[in-house]
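Below: start07.txt (compact mmCIF, C-alpha atoms and all ligand atoms)
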```txt
# COMPACT_ATOMS: atom_id res chain seq x y z
CA MET A 1 155.69 69.24 180.18
CA GLU A 2 158.49 66.67 180.33
CA GLU A 3 158.90 64.74 177.12
CA ILE A 4 158.43 60.97 177.38
CA PRO A 5 161.54 59.26 175.97
CA VAL A 6 159.81 56.05 174.83
CA LYS A 7 157.04 56.19 172.28
CA VAL A 8 154.88 53.26 171.32
CA ALA A 9 153.11 52.82 168.00
CA VAL A 10 150.64 50.07 167.22
CA ARG A 11 150.09 48.94 163.65
CA ILE A 12 147.25 46.72 162.56
CA ARG A 13 148.00 44.77 159.42
CA PRO A 14 145.30 44.02 156.85
CA LEU A 15 143.94 40.51 156.57
CA LEU A 16 145.99 38.34 154.21
CA CYS A 17 144.20 36.87 151.17
CA LYS A 18 144.13 33.41 152.74
CA GLU A 19 142.67 34.87 155.94
CA ALA A 20 139.99 36.76 153.99
CA LEU A 21 139.23 33.56 152.05
CA HIS A 22 138.70 31.73 155.32
CA ASN A 23 136.43 34.53 156.48
CA HIS A 24 138.73 35.60 159.32
CA GLN A 25 137.83 38.88 161.01
CA VAL A 26 140.01 41.72 162.25
CA CYS A 27 140.04 41.17 165.99
CA VAL A 28 141.68 44.35 167.29
CA ARG A 29 139.27 46.77 168.91
CA GLN A 30 140.97 48.12 171.98
CA VAL A 31 143.91 46.82 173.96
CA ILE A 32 142.67 45.99 177.45
CA ILE A 33 144.48 44.01 180.13
CA GLY A 34 142.36 42.59 182.90
CA ARG A 35 139.01 44.33 183.32
CA ASP A 36 139.77 47.96 182.99
CA ARG A 37 143.39 48.60 182.06
CA VAL A 38 142.91 50.19 178.67
CA PHE A 39 146.16 51.01 176.89
CA THR A 40 146.74 54.08 174.80
CA PHE A 41 149.49 54.54 172.24
CA ASP A 42 151.46 57.46 170.90
CA PHE A 43 150.61 56.45 167.34
CA VAL A 44 148.03 54.10 165.89
CA PHE A 45 148.22 52.90 162.29
CA GLY A 46 145.24 51.19 160.76
CA LYS A 47 145.14 48.48 158.11
CA ASN A 48 145.39 50.99 155.27
CA SER A 49 148.46 52.74 156.66
CA THR A 50 151.44 52.97 154.33
CA GLN A 51 155.13 52.31 154.93
CA ASP A 52 155.71 55.96 154.07
CA GLU A 53 153.29 57.14 156.76
CA VAL A 54 154.83 54.92 159.42
CA TYR A 55 158.38 56.00 158.54
CA ASN A 56 157.64 59.71 158.29
CA THR A 57 155.62 59.84 161.50
CA CYS A 58 157.64 57.63 163.82
CA ILE A 59 161.12 57.07 162.43
CA LYS A 60 162.24 60.08 160.41
CA PRO A 61 162.46 62.40 163.45
CA LEU A 62 164.69 59.80 165.18
CA VAL A 63 166.99 59.47 162.17
CA LEU A 64 167.36 63.24 162.00
CA SER A 65 168.18 63.40 165.71
CA LEU A 66 170.73 60.61 165.19
CA ILE A 67 172.57 62.82 162.70
CA GLU A 68 172.68 65.50 165.42
CA GLY A 69 174.43 63.05 167.75
CA TYR A 70 171.55 61.62 169.76
CA ASN A 71 170.99 57.90 170.30
CA ALA A 72 167.84 56.28 168.98
CA THR A 73 166.38 52.79 169.15
CA VAL A 74 163.52 51.36 167.14
CA PHE A 75 162.25 47.86 167.61
CA ALA A 76 159.26 45.88 166.45
CA TYR A 77 157.48 43.63 168.88
CA GLY A 78 154.53 41.36 168.32
CA GLN A 79 153.34 37.83 167.86
CA THR A 80 154.38 35.78 164.87
CA GLY A 81 152.80 36.93 161.61
CA SER A 82 151.75 40.31 163.00
CA GLY A 83 153.89 42.32 160.53
CA LYS A 84 157.21 43.07 162.26
CA THR A 85 159.40 42.09 159.31
CA TYR A 86 157.14 43.91 156.86
CA THR A 87 157.24 47.13 158.88
CA ILE A 88 160.93 47.00 159.72
CA GLY A 89 161.70 46.17 156.10
CA GLY A 90 164.00 43.35 156.92
CA GLY A 91 162.81 40.93 154.24
CA HIS A 92 164.20 40.66 150.72
CA ILE A 93 164.95 44.38 150.60
CA ALA A 94 166.39 44.42 147.06
CA SER A 95 163.26 42.94 145.53
CA VAL A 96 160.76 45.16 147.33
CA VAL A 97 159.09 47.91 145.30
CA GLU A 98 159.76 51.49 146.41
CA GLY A 99 156.48 52.21 148.21
CA GLN A 100 156.61 48.90 150.10
CA LYS A 101 160.06 49.48 151.54
CA GLY A 102 160.15 49.37 155.29
CA ILE A 103 162.09 51.21 157.95
CA ILE A 104 165.60 49.85 157.34
CA PRO A 105 166.07 50.86 153.69
CA ARG A 106 164.39 54.22 154.30
CA ALA A 107 166.55 54.98 157.34
CA ILE A 108 169.74 53.97 155.51
CA GLN A 109 168.84 56.18 152.57
CA GLU A 110 168.13 59.11 154.87
CA ILE A 111 171.34 58.65 156.87
CA PHE A 112 173.56 58.64 153.77
CA GLN A 113 171.61 61.53 152.24
CA SER A 114 172.25 63.58 155.39
CA ILE A 115 175.92 62.57 155.44
CA SER A 116 176.33 63.79 151.86
CA GLU A 117 174.76 67.10 152.85
CA HIS A 118 177.33 67.62 155.66
CA PRO A 119 180.68 67.26 153.85
CA SER A 120 182.59 69.08 156.59
CA ILE A 121 181.64 66.53 159.28
CA ASP A 122 183.31 63.12 159.60
CA PHE A 123 180.77 60.36 160.04
CA ASN A 124 181.54 56.78 160.92
CA VAL A 125 178.71 54.37 160.10
CA LYS A 126 178.77 50.83 161.44
CA VAL A 127 176.07 48.28 160.81
CA SER A 128 175.31 45.02 162.48
CA TYR A 129 172.22 43.00 161.71
CA ILE A 130 171.37 40.43 164.32
CA GLU A 131 168.31 38.34 164.85
CA VAL A 132 167.34 37.71 168.45
CA TYR A 133 165.26 34.57 168.69
CA LYS A 134 164.49 33.36 172.18
CA GLU A 135 167.94 33.18 173.79
CA ASP A 136 169.84 32.81 170.50
CA LEU A 137 171.54 35.52 168.45
CA ARG A 138 172.13 35.10 164.72
CA ASP A 139 174.37 37.33 162.61
CA LEU A 140 172.30 37.96 159.48
CA LEU A 141 175.23 39.53 157.61
CA GLU A 142 177.42 36.47 158.04
CA LEU A 143 175.12 33.58 157.37
CA GLU A 144 177.84 30.89 157.05
CA THR A 145 178.84 31.51 160.61
CA SER A 146 175.40 32.50 161.77
CA MET A 147 175.13 29.72 164.29
CA LYS A 148 178.29 30.65 166.17
CA ASP A 149 177.94 31.66 169.75
CA LEU A 150 177.19 35.42 169.68
CA HIS A 151 176.86 37.70 172.67
CA ILE A 152 175.88 41.33 173.02
CA ARG A 153 178.69 43.24 174.70
CA GLU A 154 178.95 46.82 175.83
CA ASP A 155 181.99 49.07 175.89
CA GLU A 156 182.99 50.89 179.07
CA LYS A 157 180.41 53.61 178.30
CA GLY A 158 177.59 51.15 177.84
CA ASN A 159 177.52 51.57 174.03
CA THR A 160 176.55 48.68 171.79
CA GLY A 161 176.60 50.53 168.43
CA LYS A 162 174.19 53.22 167.31
CA VAL A 163 172.99 51.89 163.98
CA ALA A 164 172.59 48.39 165.33
CA ARG A 165 170.28 49.73 167.97
CA LEU A 166 168.44 51.99 165.57
CA ILE A 167 167.44 49.16 163.28
CA SER A 168 167.24 46.26 165.62
CA CYS A 169 164.30 43.93 165.13
CA LEU A 170 163.16 41.67 167.92
CA HIS A 171 161.41 38.43 167.09
N1 LIG B 1 150.92 46.40 156.79
C1 LIG B 1 150.89 45.31 155.99
N2 LIG B 1 150.31 45.38 154.76
C2 LIG B 1 150.28 44.29 153.94
N3 LIG B 1 150.78 43.09 154.27
C3 LIG B 1 151.35 42.96 155.48
C4 LIG B 1 151.45 44.06 156.39
N4 LIG B 1 152.06 43.65 157.51
C5 LIG B 1 152.36 42.35 157.30
N5 LIG B 1 151.94 41.94 156.09
C6 LIG B 1 152.05 40.58 155.54
O1 LIG B 1 151.68 39.68 156.61
C7 LIG B 1 152.51 38.54 156.61
C8 LIG B 1 153.18 38.38 157.97
O2 LIG B 1 154.00 39.52 158.21
P1 LIG B 1 155.52 39.43 158.74
O3 LIG B 1 156.24 38.32 158.07
O4 LIG B 1 156.09 40.80 158.63
O5 LIG B 1 155.24 39.04 160.26
P2 LIG B 1 156.31 38.88 161.45
O6 LIG B 1 155.70 39.57 162.63
O7 LIG B 1 157.66 39.34 161.04
O8 LIG B 1 156.26 37.31 161.67
P3 LIG B 1 157.39 36.34 162.34
O9 LIG B 1 157.53 36.76 163.78
O10 LIG B 1 156.77 34.99 162.21
O11 LIG B 1 158.67 36.52 161.55
C9 LIG B 1 153.50 38.71 155.45
O12 LIG B 1 152.97 38.02 154.34
C10 LIG B 1 153.49 40.22 155.20
O13 LIG B 1 153.81 40.53 153.86
```
Take the structure in the file and give it back as structure tokens.
Amino acid sequence: MEEIPVKVAVRIRPLLCKEALHNHQVCVRQVIIGRDRVFTFDFVFGKNSTQDEVYNTCIKPLVLSLIEGYNATVFAYGQTGSGKTYTIGGGHIASVVEGQKGIIPRAIQEIFQSISEHPSIDFNVKVSYIEVYKEDLRDLLELETSMKDLHIREDEKGNTGKVARLISCLH
């Protein structure tokens, strides 16, 4: 059977304390569009799922294939407050406890671990960290100039940078 190149995972976050206090209910049951278009997903993570589980199931295989020379893209998509930043791990990374770390710090750790295990191969790691908000791009690694006019450009082969695509986070 032909392998499907795009995989979709859905993650349901737990209710926040303030939501529980206001007696909010988890509203996700099944994703249905119109009357009968029920959607299925490659992975489903419930409210008790851990960062470790999400990373090991969905991301680790991609990072390992990246080391072998394949391209990989991971992005989070969802309405505001649904848990994209938490899952991607793009918040205050340094202050996050180990088990709570999201995709970015775990992927970076794995990439450099693999590089150190392959001393005979030359690796070139480039990182860009850009927030896409509506039509605006913001360089999160250069905050002073973050409001300058940024554009995504491709080289003649259509490349935009592997790591940037691996850890891109759409808002
Ligand atoms: N799986 C989870 N377990 C525990 N808390 C979570 C989880 N996912 C999200 N949260 C919490 O829910 C809140 C909203 O999550 P987050 O900021 O990641 O949403 P977001 O989709 O990035 O929102 P925005 O688009 O507004 O930036 C945060 O307080 C976050 O810590």
With 5 Å added on each side, what axis-aligned box encloses every listed atom of ligand LIG 1 (chain B)? Give the centre and edge lengths in Å to one decimal, as AutoDock Vina command-line options.
```
--center_x 154.5 --center_y 40.7 --center_z 158.8 --size_x 18.4 --size_y 21.4 --size_z 19.9
```
Protein and nucleic acid residues within 6 Å of ligand LIG 1 (chain B) (only C-alpha atoms and all ligand atoms) as number ranges by chain:
A: 13-14, 79-86, 171
When you look at Cys58 (chain A) with a cut-off of 12 Å (counting all atoms listed in the file), what residues show up, excluding the ones that are within fewer than 3 positions of it in the same chain? I need them as a PyMOL selection string.
chain A and resi 6-11+42-45+51-55+61-64+72-75+87-88+103+107
Just to confirm, what's the straight-line distance from CA of Leu143 (chain A) to CA of Ile130 (chain A) in Å (one decimal)?
10.5 Å
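Distances here use all atoms listed in the file; by that measure, the residue among A:His118, A:His24, A:His151, A:Lys18 closest to Glu131 (chain A) is A:His151.
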What is the distance between CA of Glu154 (chain A) and CA of Glu142 (chain A), in Å to one decimal?
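Those two atoms sit 20.6 Å apart.
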At what distance in Å, to one decimal, does CA of Ser128 (chain A) lie from CA of Pro105 (chain A)?
14.0 Å
With distances taken over all atoms listed in the file, which of A:Thr57, A:Thr50, A:Ser65, A:Gln25 is nearest to Lys101 (chain A)?
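Ranked by minimum distance to Lys101 (chain A), first place goes to A:Thr50.
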Compile the contact shell of Asn159 (chain A) as a PyMOL selection string: residues with an atom at most 12 Å away, counting all atoms listed in the file, same-chain residues fewer than 6 positions apart removed.
chain A and resi 71-72+152-153+165
When distances are computed from only C-alpha atoms, which of A:Leu66, A:Asn56, A:Val28, A:Thr40 shows the smallest separation from Ser114 (chain A)?
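Ranked by minimum distance to Ser114 (chain A), first place goes to A:Leu66.
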Nearest to Lys126 (chain A) by atom-to-atom distance, counting only C-alpha atoms, from A:Ile108, A:Asp36, A:Glu68, A:Pro5:
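Among the listed residues, A:Ile108 lies closest to Lys126 (chain A).
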For Asn124 (chain A), which residue among A:Ile67, A:Leu16, A:Val97, A:Ile104 is the nearest when counting all atoms listed in the file?
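When distances to Asn124 (chain A) are compared using all atoms listed in the file, the smallest one comes from A:Ile67.
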